[in-house]
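Trainee: The structure follows.
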Amino acid sequence: MTTAIALTRSRRRFSDHQVAIALLLPIALINVVGFMLPIFNLARFSFNRATTGGGIENVLTLENWTGLLRDPFYLELILNSIWISLGVTLCALVLSYPIALYLHRSSGTWRTFLTVLVISPLLTSAVVRTYGWIAILSDEGPVVGAIKSVGLTPPPLMFNINGVFIGLTEILMPYMILALMAGFGRLDPKVEEAARTLGATPWQCFRRVILPLTAPGIALGCLLCFVLAVSSFITPKLMGGGRVFLLATEIYDQAIVTLNWPLASTLSILVLIIFGAALVAYSAVLKRLD
Amino acid sequence: MMLERNMTASPSRTAKVAEDHLVLSEVGMTFGTADVIPSLSLAVRRGEMVAFLGPSGCGKTTTLRMIAGLIAPSRGRISVGWRDITRLPVHERDMGLVFQSYALFPHMTVSQNVAFGLEMRGIAKREIRVRVETALEMVQLGHLSDRKPRALSGGQQQRVALARALVVEPSILLLDEPLSNLDAKLRDEMRVQIRSLQQQSGITAVFVTHDQVEALSMCDRIVVMRGGHIEQFGTPGEIYEHPATPFVASFVGRTNRLSGVVEPSGRLAAAGQGLLAEGALPVGQVQIMMRPHRVALLAAHEHVPPGHNALRGRLTGITFVGDLIQANVRVGEDEITVEQPTRRSTALPLMGAEVTVSWEAGDTMVFAGGAT
Ligand SMILES: Nc1ncnc2c1ncn2[C@@H]1O[C@H](COP(=O)(O)OP(=O)(O)O)[C@@H](O)[C@H]1O
Ligand SMILES: [Mg+2]
């Protein structure tokens, strides 16, 4: 038996290892050319100097970085971006959690139907959905109308941070729901029942059993939504009406409008650093949960 | 309460018959259109362990879940110690439930699992520590208290589940096929352990199983269930020796089945040969049953002691299995299996030989109606 296996092994032309490398090579190449090189380029630009008229002077300088950290406008923009992304993530989590839990517990065609409902917004582009929100939240829209009809003065919802917040939350919710459901694997209804028979009230059962067991899903969903929120561009651009300044919109302005590529590169690398920090936080949370 | 006091005061109570503790009155459960449990009534006495025994799908788990409050019965009333708990939420019922799949909290250590119920009851930290330790010692798992459940074997997880349910000293312990995921050797050990823990604590317990050996060997009384209703409720001895229905006779222990008649004169006969049986007999077509190991295989003309039945037949198969001889004997249309312990001097009869099978009149079980 063992000799037979050894024989077939030796007769094969490539080892498993070689096959694996051959299969991974195309995607590795694409990644290097399409991802690593541009990133490397960006990093290099961030240490170059911008000249008037959109040129790049090829000198090694730290002035983009020091300028960024000294300028109160940019410091506020960075902090704003992070706070809004965290807030949107939290809102998306609170709104998505019950939906994900309900989906996790339902079964059969009903579950399939609901899952399709959750995913279907992803089939429309974020541009279309953002315009949808603009129609809903604008001064002539149904929300403002409804608030006015009960005799209250509505807060401004459109072309400010409120609109961006609402729009981003809804647009990111499908991702949050899917990530939560992916992380709900350990949640066994029998375990909840065990907690209930041991005297746990529904709230205690949620707090002590359901929440800890769904924590990996929560961490995953938050990571995903935070990253998507920090890098979101279309929704803040359209719903902010040019009055909400966030990292992604500023990168666009610097790269396309002002043609200051070194500054745009610096901000882009900063976004990557924020992602890195989020990943580190996520790994730390996962390790603690285990 | 009033009733209880009166009863203890009355002289007739000195015989000390345990009172009813868990009572189900005409409890029914319908899932959609499926009437899983039409109507079930039974009373479990304080301190006894009762088995719900029946084939898979007969409604044992459903009944247990209604008692625990995990599902609400469609009809009827459940009470514990005179108190109606039919509408009481799960967490107020004070029942310990051991699941077939153990259902330990995967994110907690063994001792955190066991401490959970005590914490829910708001017991002081120091007392919790002591009681958890005692409970884990009781199931011989003190040394594993810091492990996570996934690092335990099946038998160890089962014992943690048991400790977790017992540590809160619930009024009633419910066990849903707690041994069916264990291998045979462990099952025997756990059987003894569960029974002795139950007897030590004097807790009222319901033990769900589809395994007749577990029910017979561990429990004070057995409810034999089939298709959502009770076939018989009695002690293991009653269930085994005096099964109420052919189903009970064949589900609990093994049986031979013969078709026969009871003539209007009261004479019982099978394959044209007269038979003896104890008790009143139903006139008409009957099923006659007896246990294989209570039947003896004799040579055709061997003497049959008085009070014994004898049927003539032809030997159609014989197997020597060391401890036992299994023989098949054709009697009329039916076949009887005989099991006999072997002796050194046992001479095996030849295949096709004329033989007599014999058993005590008292071992004859007679049920009205033809074979189904
Ligand atoms: N939630 C439910 N919905 C529909 N049918 C159910 C449900 N739970 C159990 N049943 C049905 O009830 C019957 C009894 O189930 P169960 O009590 O689990 O049987 P047992 O524990 O004796 O094997 C089965 O036919 C099962 O299909
Ligand atoms: Mg069951």
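Following the order of the structure tokens, chains are lettered A, B, ..., residues in each are numbered from 1, and ligands are numbered from 1.
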Excluding same-chain residues fewer than 6 positions from region 137-146 of chain B, what lies within 8 Å of it counting only C-alpha atoms, as a list in words?
Mentor: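 Everything that qualifies: Thr109, Val110, Ser111, Gln156, Arg159, Val160 and Ala163 of chain B.
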Trainee: Those residues with C-alpha atoms, as a tab-separated table (two decimals), in the first residue's frame please?
Mentor:
```
chain	number	residue	atom	x	y	z
B	109	THR	CA	-14.79	27.60	31.52
B	110	VAL	CA	-16.12	24.52	33.26
B	111	SER	CA	-16.45	26.33	36.59
B	156	GLN	CA	-16.73	14.92	30.72
B	159	ARG	CA	-20.85	15.43	33.64
B	160	VAL	CA	-20.36	19.20	33.52
B	163	ALA	CA	-23.21	19.39	37.62
```
Trainee: Neighbours of Thr235 (chain B) within 8 Å (only C-alpha atoms; same-chain residues fewer than 6 positions away dropped), as a short mmCIF file (atom, residue, chain, number, x, y, z; two decimals) with C-alpha atoms, in the first residue's frame?
Mentor:
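Okay, out.cif is ready:
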```
data_model
loop_
_atom_site.label_atom_id
_atom_site.label_comp_id
_atom_site.auth_asym_id
_atom_site.auth_seq_id
_atom_site.Cartn_x
_atom_site.Cartn_y
_atom_site.Cartn_z
CA ASP B 220 -38.46 3.92 39.71
CA ARG B 221 -41.28 4.02 37.22
CA ILE B 222 -41.58 4.07 33.45
#
```
Trainee: Extract, using only C-alpha atoms, all DNA, RNA and protein residues at most 12 Å from Val59 (chain A), discarding same-chain residues fewer than 6 positions from it, and format them as a list of chain:residue names.
Mentor: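 What passes the distance filter is A:Arg44, A:Phe45, A:Ser46, A:Phe47, A:Asn48, A:Arg49, A:Ala50, A:Thr51, A:Pro262.
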Trainee: Grab the residues selected above and save them as an mmCIF file, in the first residue's frame with N, CA and C atoms.
Mentor:
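part-v9.cif, written as the output of this step:
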```
data_model
loop_
_atom_site.group_PDB
_atom_site.id
_atom_site.type_symbol
_atom_site.label_atom_id
_atom_site.label_comp_id
_atom_site.auth_asym_id
_atom_site.auth_seq_id
_atom_site.Cartn_x
_atom_site.Cartn_y
_atom_site.Cartn_z
ATOM 1 N N ARG A 44 5.762 57.067 -2.213
ATOM 2 C CA ARG A 44 6.867 57.897 -2.691
ATOM 3 C C ARG A 44 6.417 59.336 -2.924
ATOM 4 N N PHE A 45 5.255 59.505 -3.590
ATOM 5 C CA PHE A 45 4.726 60.854 -3.834
ATOM 6 C C PHE A 45 4.583 61.648 -2.542
ATOM 7 N N SER A 46 4.206 60.929 -1.462
ATOM 8 C CA SER A 46 3.926 61.653 -0.220
ATOM 9 C C SER A 46 5.192 62.286 0.355
ATOM 10 N N PHE A 47 6.350 61.878 -0.181
ATOM 11 C CA PHE A 47 7.600 62.507 0.269
ATOM 12 C C PHE A 47 8.188 63.436 -0.803
ATOM 13 N N ASN A 48 7.391 63.684 -1.883
ATOM 14 C CA ASN A 48 7.804 64.641 -2.915
ATOM 15 C C ASN A 48 7.144 65.992 -2.668
ATOM 16 N N ARG A 49 7.611 67.005 -3.458
ATOM 17 C CA ARG A 49 7.054 68.342 -3.279
ATOM 18 C C ARG A 49 6.145 68.686 -4.460
ATOM 19 N N ALA A 50 4.992 69.315 -4.136
ATOM 20 C CA ALA A 50 4.077 69.743 -5.194
ATOM 21 C C ALA A 50 4.527 71.091 -5.733
ATOM 22 N N THR A 51 4.446 71.257 -7.066
ATOM 23 C CA THR A 51 4.732 72.568 -7.652
ATOM 24 C C THR A 51 3.439 73.118 -8.218
ATOM 25 N N PRO A 262 1.056 65.158 -4.301
ATOM 26 C CA PRO A 262 1.769 64.765 -3.077
ATOM 27 C C PRO A 262 0.876 64.838 -1.843
#
```
Trainee: Please return as a PDB file with C-alpha atoms, in the first residue's frame the residues found within 12 Å of ligand 2, counting only C-alpha atoms and all ligand atoms.
Mentor:
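Once written, result-v5.pdb looks like this:
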```pdb
ATOM      1  CA  PHE B  52     -40.281   8.562  29.406  1.00  0.00           C
ATOM      2  CA  LEU B  53     -39.614   5.586  27.179  1.00  0.00           C
ATOM      3  CA  GLY B  54     -40.667   5.327  23.566  1.00  0.00           C
ATOM      4  CA  PRO B  55     -39.449   5.138  19.996  1.00  0.00           C
ATOM      5  CA  SER B  56     -37.932   8.200  18.347  1.00  0.00           C
ATOM      6  CA  GLY B  57     -40.545  10.783  17.376  1.00  0.00           C
ATOM      7  CA  CYS B  58     -43.179   9.732  19.914  1.00  0.00           C
ATOM      8  CA  GLY B  59     -43.156  13.120  21.646  1.00  0.00           C
ATOM      9  CA  LYS B  60     -40.814  12.593  24.617  1.00  0.00           C
ATOM     10  CA  THR B  61     -38.681  15.689  23.998  1.00  0.00           C
ATOM     11  CA  THR B  62     -41.781  17.761  23.265  1.00  0.00           C
ATOM     12  CA  THR B  63     -43.289  16.742  26.601  1.00  0.00           C
ATOM     13  CA  LEU B  64     -40.059  17.508  28.436  1.00  0.00           C
ATOM     14  CA  ARG B  65     -39.820  20.926  26.783  1.00  0.00           C
ATOM     15  CA  PHE B  99     -29.677  18.319  26.996  1.00  0.00           C
ATOM     16  CA  GLN B 100     -28.796  15.463  24.705  1.00  0.00           C
ATOM     17  CA  SER B 101     -26.193  17.730  23.070  1.00  0.00           C
ATOM     18  CA  LEU B 175     -32.768  14.673  31.378  1.00  0.00           C
ATOM     19  CA  ASP B 176     -33.232  14.360  27.610  1.00  0.00           C
ATOM     20  CA  GLU B 177     -31.451  11.238  26.352  1.00  0.00           C
ATOM     21  CA  PRO B 178     -28.349  12.248  28.308  1.00  0.00           C
ATOM     22  CA  SER B 180     -27.165   8.558  23.812  1.00  0.00           C
ATOM     23  CA  PHE B 207     -35.410  10.724  32.317  1.00  0.00           C
ATOM     24  CA  VAL B 208     -36.191  10.663  28.609  1.00  0.00           C
ATOM     25  CA  THR B 209     -34.815   7.720  26.673  1.00  0.00           C
ATOM     26  CA  HIS B 210     -35.536   5.378  23.799  1.00  0.00           C
ATOM     27  CA  ASP B 211     -33.353   2.705  25.400  1.00  0.00           C
TER      28      ASP B 211
END
```
Trainee: Check the smallest atom-to-atom distance from each of B:Ser39, B:Asn113, B:Ser79, B:Gln285 to chain A using only C-alpha atoms, then report the winner.
Mentor: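 Of B:Ser39, B:Asn113, B:Ser79, B:Gln285, the one nearest chain A is B:Asn113, counting only C-alpha atoms.
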Trainee: Return the neighbours of chain A among the residues of chain B, cut-off 9 Å, counting only C-alpha atoms, as JSON, numbers by chain.
Mentor: {"B": [68, 69, 70, 89, 90, 91, 92, 93, 94, 95, 96, 97, 98, 99, 101, 102, 103, 104, 105, 106, 107, 116, 117, 118, 120, 121, 164, 165, 168, 170]}
Trainee: So that I can see what lies close to Leu279 (chain A), please list as a PDB file with all heavy atoms, in the first residue's frame the residues with an atom at most 8 Å from it, counting only C-alpha atoms and leaving out residues fewer than 4 positions away in the same chain.
Mentor:
```pdb
ATOM      1  N   LEU A 223     -15.280  46.120  11.897  1.00  0.00           N
ATOM      2  CA  LEU A 223     -14.067  46.345  11.110  1.00  0.00           C
ATOM      3  C   LEU A 223     -14.436  46.701   9.675  1.00  0.00           C
ATOM      4  O   LEU A 223     -13.982  47.703   9.124  1.00  0.00           O
ATOM      5  CB  LEU A 223     -13.177  45.088  11.131  1.00  0.00           C
ATOM      6  CG  LEU A 223     -11.963  45.164  10.200  1.00  0.00           C
ATOM      7  CD1 LEU A 223     -10.925  46.095  10.778  1.00  0.00           C
ATOM      8  CD2 LEU A 223     -11.367  43.795   9.941  1.00  0.00           C
ATOM      9  N   PHE A 275      -6.520  52.153   8.455  1.00  0.00           N
ATOM     10  CA  PHE A 275      -6.962  50.765   8.249  1.00  0.00           C
ATOM     11  C   PHE A 275      -6.100  49.799   9.040  1.00  0.00           C
ATOM     12  O   PHE A 275      -6.593  48.858   9.663  1.00  0.00           O
ATOM     13  CB  PHE A 275      -6.860  50.378   6.767  1.00  0.00           C
ATOM     14  CG  PHE A 275      -7.886  51.041   5.896  1.00  0.00           C
ATOM     15  CD1 PHE A 275      -7.890  50.815   4.534  1.00  0.00           C
ATOM     16  CD2 PHE A 275      -8.859  51.877   6.445  1.00  0.00           C
ATOM     17  CE1 PHE A 275      -8.840  51.422   3.723  1.00  0.00           C
ATOM     18  CE2 PHE A 275      -9.797  52.485   5.641  1.00  0.00           C
ATOM     19  CZ  PHE A 275      -9.786  52.258   4.273  1.00  0.00           C
ATOM     20  N   SER A 283      -7.719  42.375  15.593  1.00  0.00           N
ATOM     21  CA  SER A 283      -7.008  41.157  16.019  1.00  0.00           C
ATOM     22  C   SER A 283      -6.929  41.090  17.531  1.00  0.00           C
ATOM     23  O   SER A 283      -7.064  40.014  18.125  1.00  0.00           O
ATOM     24  CB  SER A 283      -5.592  41.110  15.449  1.00  0.00           C
ATOM     25  OG  SER A 283      -5.563  41.634  14.171  1.00  0.00           O
TER      26      SER A 283
END
```
Trainee: To test your reading of the structure, identify every residue in region 187-239 of chain B that backbone DSSP assigns to alpha helix (DSSP H), and report it as a ChimeraX atom specification.
Mentor: /B:187-201,212-218,236-239
Trainee: Write out the residues from the selection above, keeping N, CA, C and O atoms, as a short mmCIF file (atom, residue, chain, number, x, y, z; two decimals), in the first residue's frame.
Mentor:
```
data_model
loop_
_atom_site.label_atom_id
_atom_site.label_comp_id
_atom_site.auth_asym_id
_atom_site.auth_seq_id
_atom_site.Cartn_x
_atom_site.Cartn_y
_atom_site.Cartn_z
N ARG B 187 -21.45 4.79 28.96
CA ARG B 187 -22.89 4.83 29.21
C ARG B 187 -23.22 4.05 30.49
O ARG B 187 -23.99 4.52 31.32
N ASP B 188 -22.61 2.89 30.62
CA ASP B 188 -22.86 2.07 31.82
C ASP B 188 -22.43 2.82 33.08
O ASP B 188 -23.14 2.85 34.07
N GLU B 189 -21.24 3.46 33.02
CA GLU B 189 -20.75 4.21 34.18
C GLU B 189 -21.68 5.35 34.54
O GLU B 189 -22.05 5.56 35.70
N MET B 190 -22.06 6.14 33.51
CA MET B 190 -22.89 7.31 33.74
C MET B 190 -24.27 6.93 34.26
O MET B 190 -24.87 7.65 35.04
N ARG B 191 -24.76 5.77 33.81
CA ARG B 191 -26.06 5.29 34.27
C ARG B 191 -26.05 5.18 35.79
O ARG B 191 -26.92 5.68 36.49
N VAL B 192 -25.01 4.51 36.27
CA VAL B 192 -24.88 4.31 37.71
C VAL B 192 -24.70 5.66 38.41
O VAL B 192 -25.32 5.93 39.45
N GLN B 193 -23.88 6.53 37.82
CA GLN B 193 -23.58 7.80 38.46
C GLN B 193 -24.81 8.70 38.55
O GLN B 193 -25.10 9.28 39.59
N ILE B 194 -25.55 8.79 37.44
CA ILE B 194 -26.74 9.65 37.44
C ILE B 194 -27.73 9.14 38.47
O ILE B 194 -28.29 9.91 39.26
N ARG B 195 -27.95 7.82 38.48
CA ARG B 195 -28.92 7.27 39.42
C ARG B 195 -28.50 7.54 40.86
O ARG B 195 -29.31 7.91 41.70
N SER B 196 -27.20 7.38 41.16
CA SER B 196 -26.80 7.55 42.56
C SER B 196 -26.85 9.03 42.96
O SER B 196 -27.24 9.35 44.08
N LEU B 197 -26.52 9.93 42.01
CA LEU B 197 -26.65 11.36 42.32
C LEU B 197 -28.11 11.71 42.58
O LEU B 197 -28.43 12.47 43.50
N GLN B 198 -28.99 11.15 41.78
CA GLN B 198 -30.42 11.45 41.93
C GLN B 198 -30.92 10.94 43.28
O GLN B 198 -31.67 11.62 43.98
N GLN B 199 -30.47 9.74 43.64
CA GLN B 199 -30.95 9.18 44.91
C GLN B 199 -30.37 9.91 46.11
O GLN B 199 -31.06 10.14 47.10
N GLN B 200 -29.06 10.28 46.01
CA GLN B 200 -28.45 11.03 47.11
C GLN B 200 -29.18 12.34 47.37
O GLN B 200 -29.46 12.70 48.50
N SER B 201 -29.48 13.08 46.27
CA SER B 201 -30.09 14.39 46.46
C SER B 201 -31.59 14.28 46.65
O SER B 201 -32.23 15.25 47.04
N GLN B 212 -34.60 0.86 26.36
CA GLN B 212 -35.34 0.17 27.42
C GLN B 212 -34.43 -0.23 28.58
O GLN B 212 -34.86 -0.24 29.74
N VAL B 213 -33.15 -0.53 28.27
CA VAL B 213 -32.25 -0.94 29.35
C VAL B 213 -32.06 0.20 30.34
O VAL B 213 -32.10 0.02 31.56
N GLU B 214 -31.85 1.43 29.81
CA GLU B 214 -31.71 2.60 30.70
C GLU B 214 -32.96 2.78 31.54
O GLU B 214 -32.88 2.99 32.75
N ALA B 215 -34.10 2.69 30.92
CA ALA B 215 -35.35 2.91 31.64
C ALA B 215 -35.55 1.86 32.72
O ALA B 215 -35.84 2.17 33.88
N LEU B 216 -35.32 0.60 32.37
CA LEU B 216 -35.55 -0.49 33.33
C LEU B 216 -34.56 -0.43 34.48
O LEU B 216 -34.92 -0.65 35.63
N SER B 217 -33.30 -0.11 34.17
CA SER B 217 -32.28 -0.24 35.21
C SER B 217 -32.17 0.99 36.10
O SER B 217 -31.68 0.91 37.21
N MET B 218 -32.58 2.17 35.61
CA MET B 218 -32.32 3.39 36.38
C MET B 218 -33.54 3.95 37.09
O MET B 218 -33.39 4.72 38.04
N PRO B 236 -40.68 -0.82 36.60
CA PRO B 236 -40.02 -1.67 35.60
C PRO B 236 -40.55 -3.10 35.64
O PRO B 236 -40.77 -3.70 34.58
N GLY B 237 -40.76 -3.64 36.84
CA GLY B 237 -41.28 -5.00 36.97
C GLY B 237 -42.65 -5.15 36.33
O GLY B 237 -42.89 -6.10 35.57
N GLU B 238 -43.54 -4.22 36.62
CA GLU B 238 -44.88 -4.28 36.03
C GLU B 238 -44.84 -4.19 34.52
O GLU B 238 -45.52 -4.93 33.81
N ILE B 239 -44.01 -3.24 34.03
CA ILE B 239 -43.93 -3.03 32.58
C ILE B 239 -43.41 -4.29 31.90
O ILE B 239 -43.92 -4.71 30.87
#
```
Trainee: Residues of region 22-239 of chain A classed as strand (DSSP E or B) by DSSP on the backbone are to be reported as a PyMOL selection string.
Mentor: chain A and resi 49-51+55-57
Trainee: Which residues are near His308 (chain B)? Cut-off 10 Å, only C-alpha atoms, ignore same chain within fewer than 3 positions. Put them as a list in words.
Mentor: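 Everything that qualifies: Leu275, Leu276, Ala277, Val304, Pro305, Val357, Ser358, Trp359, Glu360, Ala361, Gly362, Asp363 and Thr364 of chain B.
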Trainee: Could you take the residues named above and write them with all heavy atoms, as an mmCIF file, in the first residue's frame?
Mentor:
```cif
data_model
loop_
_atom_site.group_PDB
_atom_site.id
_atom_site.type_symbol
_atom_site.label_atom_id
_atom_site.label_comp_id
_atom_site.auth_asym_id
_atom_site.auth_seq_id
_atom_site.Cartn_x
_atom_site.Cartn_y
_atom_site.Cartn_z
ATOM 1 N N LEU B 275 -53.497 -24.246 25.432
ATOM 2 C CA LEU B 275 -52.466 -23.577 26.225
ATOM 3 C C LEU B 275 -53.051 -23.091 27.542
ATOM 4 O O LEU B 275 -54.266 -22.864 27.651
ATOM 5 C CB LEU B 275 -51.905 -22.365 25.463
ATOM 6 C CG LEU B 275 -51.019 -22.659 24.251
ATOM 7 C CD1 LEU B 275 -50.688 -21.368 23.534
ATOM 8 C CD2 LEU B 275 -49.747 -23.374 24.680
ATOM 9 N N LEU B 276 -52.182 -22.875 28.521
ATOM 10 C CA LEU B 276 -52.598 -22.341 29.815
ATOM 11 C C LEU B 276 -52.127 -20.895 29.941
ATOM 12 O O LEU B 276 -51.066 -20.536 29.442
ATOM 13 C CB LEU B 276 -51.963 -23.144 30.954
ATOM 14 C CG LEU B 276 -52.221 -24.647 30.948
ATOM 15 C CD1 LEU B 276 -51.329 -25.330 31.980
ATOM 16 C CD2 LEU B 276 -53.692 -24.912 31.226
ATOM 17 N N ALA B 277 -52.949 -20.082 30.602
ATOM 18 C CA ALA B 277 -52.525 -18.712 30.886
ATOM 19 C C ALA B 277 -53.194 -18.278 32.170
ATOM 20 O O ALA B 277 -54.208 -18.845 32.572
ATOM 21 C CB ALA B 277 -52.900 -17.781 29.748
ATOM 22 N N VAL B 304 -43.244 -32.740 30.336
ATOM 23 C CA VAL B 304 -43.476 -31.327 30.621
ATOM 24 C C VAL B 304 -44.061 -31.215 32.016
ATOM 25 O O VAL B 304 -45.060 -31.864 32.321
ATOM 26 C CB VAL B 304 -44.438 -30.719 29.588
ATOM 27 C CG1 VAL B 304 -44.786 -29.290 29.955
ATOM 28 C CG2 VAL B 304 -43.836 -30.806 28.200
ATOM 29 N N PRO B 305 -43.425 -30.440 32.910
ATOM 30 C CA PRO B 305 -43.928 -30.344 34.285
ATOM 31 C C PRO B 305 -45.334 -29.756 34.304
ATOM 32 O O PRO B 305 -45.694 -28.988 33.409
ATOM 33 C CB PRO B 305 -42.951 -29.386 34.967
ATOM 34 C CG PRO B 305 -41.857 -29.146 34.010
ATOM 35 C CD PRO B 305 -42.284 -29.591 32.674
ATOM 36 N N VAL B 357 -41.673 -27.016 22.629
ATOM 37 C CA VAL B 357 -41.256 -25.823 23.372
ATOM 38 C C VAL B 357 -42.178 -25.695 24.572
ATOM 39 O O VAL B 357 -43.378 -25.963 24.478
ATOM 40 C CB VAL B 357 -41.303 -24.548 22.508
ATOM 41 C CG1 VAL B 357 -40.174 -24.546 21.509
ATOM 42 C CG2 VAL B 357 -42.636 -24.381 21.829
ATOM 43 N N SER B 358 -41.590 -25.248 25.689
ATOM 44 C CA SER B 358 -42.360 -25.279 26.931
ATOM 45 C C SER B 358 -42.084 -24.033 27.749
ATOM 46 O O SER B 358 -40.974 -23.504 27.742
ATOM 47 C CB SER B 358 -41.941 -26.528 27.715
ATOM 48 O OG SER B 358 -42.357 -26.412 29.057
ATOM 49 N N TRP B 359 -43.096 -23.504 28.410
ATOM 50 C CA TRP B 359 -42.913 -22.364 29.307
ATOM 51 C C TRP B 359 -43.979 -22.361 30.373
ATOM 52 O O TRP B 359 -45.016 -23.027 30.222
ATOM 53 C CB TRP B 359 -42.904 -21.056 28.524
ATOM 54 C CG TRP B 359 -44.226 -20.692 27.872
ATOM 55 C CD1 TRP B 359 -45.203 -19.924 28.415
ATOM 56 C CD2 TRP B 359 -44.702 -21.096 26.596
ATOM 57 N NE1 TRP B 359 -46.259 -19.815 27.553
ATOM 58 C CE2 TRP B 359 -45.972 -20.525 26.414
ATOM 59 C CE3 TRP B 359 -44.173 -21.911 25.573
ATOM 60 C CZ2 TRP B 359 -46.736 -20.727 25.258
ATOM 61 C CZ3 TRP B 359 -44.937 -22.092 24.426
ATOM 62 C CH2 TRP B 359 -46.207 -21.502 24.273
ATOM 63 N N GLU B 360 -43.720 -21.646 31.444
ATOM 64 C CA GLU B 360 -44.679 -21.600 32.548
ATOM 65 C C GLU B 360 -45.948 -20.885 32.131
ATOM 66 O O GLU B 360 -45.882 -19.895 31.399
ATOM 67 C CB GLU B 360 -44.074 -20.848 33.741
ATOM 68 C CG GLU B 360 -43.131 -21.673 34.567
ATOM 69 C CD GLU B 360 -42.602 -20.869 35.757
ATOM 70 O OE1 GLU B 360 -43.413 -20.153 36.372
ATOM 71 O OE2 GLU B 360 -41.395 -20.948 36.011
ATOM 72 N N ALA B 361 -47.073 -21.360 32.666
ATOM 73 C CA ALA B 361 -48.353 -20.741 32.317
ATOM 74 C C ALA B 361 -48.331 -19.244 32.623
ATOM 75 O O ALA B 361 -48.843 -18.431 31.862
ATOM 76 C CB ALA B 361 -49.485 -21.414 33.086
ATOM 77 N N GLY B 362 -47.685 -18.862 33.711
ATOM 78 C CA GLY B 362 -47.640 -17.461 34.129
ATOM 79 C C GLY B 362 -46.856 -16.567 33.185
ATOM 80 O O GLY B 362 -46.990 -15.349 33.224
ATOM 81 N N ASP B 363 -46.013 -17.152 32.341
ATOM 82 C CA ASP B 363 -45.238 -16.346 31.390
ATOM 83 C C ASP B 363 -45.991 -16.099 30.092
ATOM 84 O O ASP B 363 -45.457 -15.475 29.174
ATOM 85 C CB ASP B 363 -43.906 -17.046 31.076
ATOM 86 C CG ASP B 363 -42.926 -16.916 32.230
ATOM 87 O OD1 ASP B 363 -43.031 -15.915 32.970
ATOM 88 O OD2 ASP B 363 -42.073 -17.809 32.391
ATOM 89 N N THR B 364 -47.219 -16.604 30.009
ATOM 90 C CA THR B 364 -48.000 -16.405 28.791
ATOM 91 C C THR B 364 -48.704 -15.050 28.856
ATOM 92 O O THR B 364 -49.406 -14.764 29.820
ATOM 93 C CB THR B 364 -49.071 -17.503 28.662
ATOM 94 O OG1 THR B 364 -48.482 -18.749 29.012
ATOM 95 C CG2 THR B 364 -49.634 -17.543 27.263
#
```
Trainee: For Pro243 (chain B), list every protein, DNA or RNA residue within 12 Å, evaluated using only C-alpha atoms, and leave out those in the same chain fewer than 5 positions away; present the list as a PyMOL selection string.
Mentor: chain B and resi 222-224+231-238+248-255+289-291+363-367
Trainee: Hey, what's within 9 Å of region 229-244 of chain A if we count only C-alpha atoms and toss same-chain stuff fewer than 4 positions away? As a count of residues only, please?
Mentor: 35
Trainee: Report, in Å with one decimal, the straight-line distance from CA of Asp139 (chain A) to CA of Val94 (chain A).
Mentor: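 Pair CA of Asp139 (chain A) / CA of Val94 (chain A) returns 27.3 Å.
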Trainee: When you draw a straight line from CA of Thr61 (chain A) to CA of Phe40 (chain A), how long is it in Å?
Mentor: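 Distance between the two atoms: 16.1 Å.
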Trainee: May I ask which of the residues B:Pro292, B:Gly155, B:Gly47, B:Gly227 is the closest one to ligand 1, counting only C-alpha atoms and all ligand atoms?
Mentor: B:Gly227
Trainee: With distances taken over only C-alpha atoms and all ligand atoms, which residue among A:Leu69, A:Leu123, A:Ser107, A:Ser265 lies nearest ligand 1?
Mentor: A:Ser107
Trainee: Please compute the CA of Pro26 (chain A)-CA of Val227 (chain A) distance, one decimal, in Å.
Mentor: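 So the two atoms, CA of Pro26 (chain A) and CA of Val227 (chain A), lie 26.9 Å apart.
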Trainee: Select, from B:Asp35, B:Asp20, B:Glu339, B:Glu26, the residue with the minimum atom-to-atom distance to ligand 1, counting only C-alpha atoms and all ligand atoms.
Mentor: B:Asp35
Trainee: Smallest atom-to-atom distance to ligand 1: which of B:Phe320, B:Tyr240, B:Phe31, B:Phe247, using only C-alpha atoms and all ligand atoms?
Mentor: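 Of all the options, B:Phe31 lies closest to ligand 1.
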